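Accompanying notes for the structure given below.
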Amino acid sequence: MAEEIQLKFHEDAEKKKLHEQLEEHHKKLEGIKKDAELLFRNETFRSGEFQGLTKREVEIKVSSETDVIRVHTGIEGFDELIEGGIPEKSVVLLTGMTGTGKSIFAMEFLIDGALHNEPGVYISLQESLEETMNQMRFFGWPVDKLAEEGKLLIVQPELYNFDGLLTTIEDSIDRVGAKRLVIDSISIIGMYFEEPFKIRKSLLDLGQMLKKLGCTTLAISEVGEGEVELSAYGVEEYVSDGVVVLYYIKKGGMFLRAVTIRKLRSTRHSTKIHPIEIKRPGGIVVYPSEEVFSEAG
Ligand SMILES: Nc1ncnc2c1ncn2[C@@H]1O[C@H](COP(=O)(O)OP(=O)(O)OP(=O)(O)O)[C@@H](O)[C@H]1O
Ligand SMILES: [Mg+2]
């Protein structure tokens with residue numbers, strides 16, 4: 001009997017504590033709601049840490065205090081769409097159908113890094129070393145000089161096994177002290193395994209590993225012609241911090257190239273589809289103030 005009473009006493013105390021916590025939570029919520037209303041009316045905050053500040057002032061304060069280091073892509077017009085660059089050390093999936101410009105985009109990102117003392121590694125699982133180098137030379141980028149200086153390393157791993165690939169990626173990063181990494185493309189992982197389960201599991205493992213390596217990474221993924229999926233196996237986008245989609249769109253009697261940012265962590269990014277061009281020399285040019293599908297058509 002005494003035990004029962006004691007148990008009940010404990011239960012009551014627990015309930016009381018929970019009740020108090022809930023009340024406190026509600027009070028906080030009320031405060032947040034009031035501040036949110038003020039935000040809309042553009043008045044100054046009446047209480048809390050932002051007291052006396054206007055919405056604009058709070059925005060500036062918050063954005064300067066969130067210490068997201070941004071990595072410039074070097075792609076003309078693109079960084080404007082993503083608050084100045086990709087958050088450092090994030091893994092971004094670069095996806096699109098064949099010929100949409102994924103490899104060129106990724107190469108340009110590495111060249112920009114190499115030119116600014118951020119060494120980069122290009123893991124080429126599709127094209128040969130020479131083909132990749134040639135493509136870069138074609139755009140007028142000083143690929144040979146950067147490679148000699150140890151600021152750019154292009155690697156074509158043997159397609160033996162998945163574990164071997166992971167080791168090659170790690171070793172290559174160590175060799176040049178890479179800050180940027182490109183994998184062209186992760187869809188090739190599908191070739192290592194027969195069972196769909198193993199492919200997905202490996203892509204998840206790869207995603208985890210890439211995050212631990214600490215490079216700002218562009219992982220290229222291919223989608224088939226006319227498909228609406230973001231990736232070949234449907235899991236790649238979930239292990240990425242961001243997804244950039246490149247398009248080749250039929251509009252009227254011609255095809256247009258375009259780009260959109262499907263997600264990017266810690267970033268207020270554009271949600272529009274922007275036209276792009278591939279130029280030689282130079283590379284990709286994004287038009288941030290233009291849209292492919294504007295209301296005017
Ligand atoms: N100098 C150039 N001017 C205009 N377009 C170019 C130029 N060079 C390449 N291109 C275009 O870029 C396309 C190739 O781009 P890229 O190799 O980056 O595509 P991708 O998305 O990587 O394709 P894949 O999935 O087949 O690897 C070519 O098909 C061509 O249309
Ligand atoms: Mg390619």
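Convention: chains lettered A, B, ... in structure tokens order; per-chain residue numbering from 1; ligands numbered from 1 as shown.
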
- Message: What parts of segment 143-277 of chain A does DSSP call alpha helix (DSSP H)? I'd like the answer as a PyMOL selection string.
- Response: chain A and resi 143-148+162-176+196-213

Let me see the file: selected residues, C-alpha atoms, as a short mmCIF file (atom, residue, chain, number, x, y, z; two decimals), in the first residue's frame.
```
data_model
loop_
_atom_site.label_atom_id
_atom_site.label_comp_id
_atom_site.auth_asym_id
_atom_site.auth_seq_id
_atom_site.Cartn_x
_atom_site.Cartn_y
_atom_site.Cartn_z
CA VAL A 143 44.27 22.93 -66.59
CA ASP A 144 47.86 21.82 -67.32
CA LYS A 145 49.38 24.62 -65.25
CA LEU A 146 47.01 23.98 -62.33
CA ALA A 147 47.70 20.25 -62.45
CA GLU A 148 51.46 20.88 -62.42
CA PHE A 162 33.28 -0.02 -54.46
CA ASP A 163 35.73 -0.11 -51.53
CA GLY A 164 38.59 0.56 -53.93
CA LEU A 165 36.75 3.61 -55.19
CA LEU A 166 36.32 4.99 -51.67
CA THR A 167 40.03 4.53 -50.98
CA THR A 168 40.97 6.26 -54.25
CA ILE A 169 38.76 9.23 -53.36
CA GLU A 170 40.32 9.55 -49.91
CA ASP A 171 43.90 9.18 -51.18
CA SER A 172 43.38 11.73 -53.95
CA ILE A 173 42.04 14.29 -51.52
CA ASP A 174 45.05 13.76 -49.25
CA ARG A 175 47.49 14.07 -52.15
CA VAL A 176 46.58 17.66 -53.01
CA PRO A 196 18.99 -2.54 -56.07
CA PHE A 197 19.22 -2.70 -52.27
CA LYS A 198 23.03 -2.84 -52.38
CA ILE A 199 23.20 0.06 -54.84
CA ARG A 200 21.10 2.23 -52.55
CA LYS A 201 23.03 1.19 -49.46
CA SER A 202 26.35 2.03 -51.17
CA LEU A 203 25.08 5.41 -52.29
CA LEU A 204 24.09 6.14 -48.71
CA ASP A 205 27.53 4.97 -47.49
CA LEU A 206 29.23 7.12 -50.11
CA GLY A 207 27.11 10.13 -49.08
CA GLN A 208 28.12 9.65 -45.43
CA MET A 209 31.77 9.33 -46.37
CA LEU A 210 31.70 12.46 -48.56
CA LYS A 211 30.29 14.48 -45.68
CA LYS A 212 33.06 13.28 -43.36
CA LEU A 213 35.80 14.17 -45.86
#
```

- Surrounding residues of Gly74 of chain A excluding itself and chain neighbours under 2 positions, 8 Å, only C-alpha atoms, as a list in words: His72, Glu76, Phe78, Asp79, Glu108, Phe109, Asp112 and Gly113 of chain A

Write out, as a PDB file, in the first residue's frame, the residues just selected, with N, CA and C atoms.
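Output below, filename selection00.pdb:
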```pdb
ATOM      1  N   HIS A  72      32.497  30.163 -53.421  1.00  0.00           N
ATOM      2  CA  HIS A  72      32.078  30.656 -54.733  1.00  0.00           C
ATOM      3  C   HIS A  72      32.217  29.547 -55.767  1.00  0.00           C
ATOM      4  N   GLU A  76      29.538  32.238 -63.698  1.00  0.00           N
ATOM      5  CA  GLU A  76      28.988  33.584 -63.839  1.00  0.00           C
ATOM      6  C   GLU A  76      27.469  33.598 -63.603  1.00  0.00           C
ATOM      7  N   PHE A  78      25.698  32.441 -61.190  1.00  0.00           N
ATOM      8  CA  PHE A  78      25.079  31.381 -60.370  1.00  0.00           C
ATOM      9  C   PHE A  78      25.067  31.720 -58.878  1.00  0.00           C
ATOM     10  N   ASP A  79      26.188  32.275 -58.384  1.00  0.00           N
ATOM     11  CA  ASP A  79      26.278  32.535 -56.948  1.00  0.00           C
ATOM     12  C   ASP A  79      25.227  33.529 -56.455  1.00  0.00           C
ATOM     13  N   GLU A 108      34.233  23.723 -64.043  1.00  0.00           N
ATOM     14  CA  GLU A 108      34.414  25.156 -63.819  1.00  0.00           C
ATOM     15  C   GLU A 108      34.538  25.455 -62.320  1.00  0.00           C
ATOM     16  N   PHE A 109      33.760  24.740 -61.538  1.00  0.00           N
ATOM     17  CA  PHE A 109      33.778  24.877 -60.078  1.00  0.00           C
ATOM     18  C   PHE A 109      35.170  24.528 -59.529  1.00  0.00           C
ATOM     19  N   ASP A 112      37.804  27.202 -60.693  1.00  0.00           N
ATOM     20  CA  ASP A 112      37.690  28.418 -59.880  1.00  0.00           C
ATOM     21  C   ASP A 112      38.393  28.233 -58.540  1.00  0.00           C
ATOM     22  N   GLY A 113      38.196  27.071 -57.927  1.00  0.00           N
ATOM     23  CA  GLY A 113      38.850  26.790 -56.648  1.00  0.00           C
ATOM     24  C   GLY A 113      40.362  26.791 -56.813  1.00  0.00           C
TER      25      GLY A 113
END
```

- Message: List as number ranges by chain the protein and nucleic acid residues lying within 6 Å of ligand 1, with only C-alpha atoms and all ligand atoms counted.
- Response: A: 97-104, 222, 278-280

- Task: Select the residues contacting ligand 2 at a distance of at most 12 Å, based on only C-alpha atoms and all ligand atoms, then format the selection as a PyMOL selection string.
- Result: chain A and resi 94-107+122-128+131-132+135+182-188+219-223+246

Convert the current residue selection to file output with C-alpha atoms, as a short mmCIF file (atom, residue, chain, number, x, y, z; two decimals), in the first residue's frame.
```
data_model
loop_
_atom_site.label_atom_id
_atom_site.label_comp_id
_atom_site.auth_asym_id
_atom_site.auth_seq_id
_atom_site.Cartn_x
_atom_site.Cartn_y
_atom_site.Cartn_z
CA LEU A 94 24.30 18.11 -59.65
CA THR A 95 21.70 16.40 -61.73
CA GLY A 96 20.22 16.49 -65.22
CA MET A 97 19.77 14.58 -68.43
CA THR A 98 22.62 13.85 -70.81
CA GLY A 99 24.32 16.84 -72.42
CA THR A 100 22.82 19.39 -70.02
CA GLY A 101 26.27 20.67 -68.99
CA LYS A 102 26.84 18.85 -65.70
CA SER A 103 30.49 18.00 -66.36
CA ILE A 104 31.29 21.49 -67.63
CA PHE A 105 29.61 23.06 -64.57
CA ALA A 106 31.59 20.81 -62.22
CA MET A 107 34.89 21.41 -64.01
CA TYR A 122 37.95 15.44 -60.20
CA ILE A 123 36.98 11.77 -59.97
CA SER A 124 36.17 10.84 -63.53
CA LEU A 125 34.24 7.60 -63.69
CA GLN A 126 32.94 8.12 -67.19
CA GLU A 127 35.36 9.93 -69.43
CA SER A 128 39.05 9.09 -69.77
CA GLU A 131 39.02 13.42 -72.57
CA THR A 132 38.42 15.27 -69.32
CA GLN A 135 37.28 19.29 -72.37
CA VAL A 182 33.74 16.39 -58.00
CA ILE A 183 32.49 12.89 -58.67
CA ASP A 184 31.44 12.40 -62.28
CA SER A 185 29.23 10.50 -61.86
CA ILE A 186 27.87 8.72 -58.80
CA SER A 187 25.32 6.97 -61.01
CA ILE A 188 28.16 4.62 -62.03
CA ALA A 219 28.28 14.75 -56.98
CA ILE A 220 26.96 14.35 -60.50
CA SER A 221 23.89 12.22 -61.07
CA GLU A 222 22.27 11.30 -64.33
CA VAL A 223 18.60 11.09 -65.03
CA LEU A 246 20.33 21.38 -65.19
#
```

Go through segment 59-161 of chain A and flag each residue having an atom no more than 6 Å from segment 234-244 of chain A; for those, report the closest pair of atoms plus their distance in Å to one decimal, using only C-alpha atoms, ordered by chain and rising number, as CSV.
```
residue,atom,partner,partner_atom,distance
A:Ser90,CA,A:Asp241,CA,5.8
A:Val91,CA,A:Ser240,CA,5.3
A:Val92,CA,A:Gly242,CA,4.5
A:Leu93,CA,A:Val243,CA,4.7
A:Leu94,CA,A:Val244,CA,4.9
```

- Task: as an MDAnalysis selection string, please: all residues of segment 51-290 of chain A that backbone DSSP puts in strand (DSSP E or B).
- Result: chainID A and resid 51 70:71 76 86:87 91:96 120:124 152:155 180:184 216:222 242:251 254:264 274:279 283:286

- Item | Separation of atom CA of Ala178 of chain A from atom CA of Glu149 of chain A in Å |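 Computed distance, atom CA of Glu149 of chain A to atom CA of Ala178 of chain A, equals 12.9 Å.
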
- Could you work out how far atom CA of Ile284 of chain A lies from atom CA of Lys179 of chain A, giving the answer in Å with one decimal?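 Separation of atom CA of Lys179 of chain A and atom CA of Ile284 of chain A: 21.6 Å.
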
- Message: Env of Val71 of chain A: 7 Å cut, atoms = only C-alpha atoms, seq-sep filter 4 positions within chain, self excluded. Answer as a VMD selection string.
- Response: chain A and resid 85 to 88

- What separation in Å, quoted to one decimal, exists between atom CA of Val292 of chain A and atom CA of Ala258 of chain A?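 Atom CA of Ala258 of chain A lies 7.3 Å from atom CA of Val292 of chain A.
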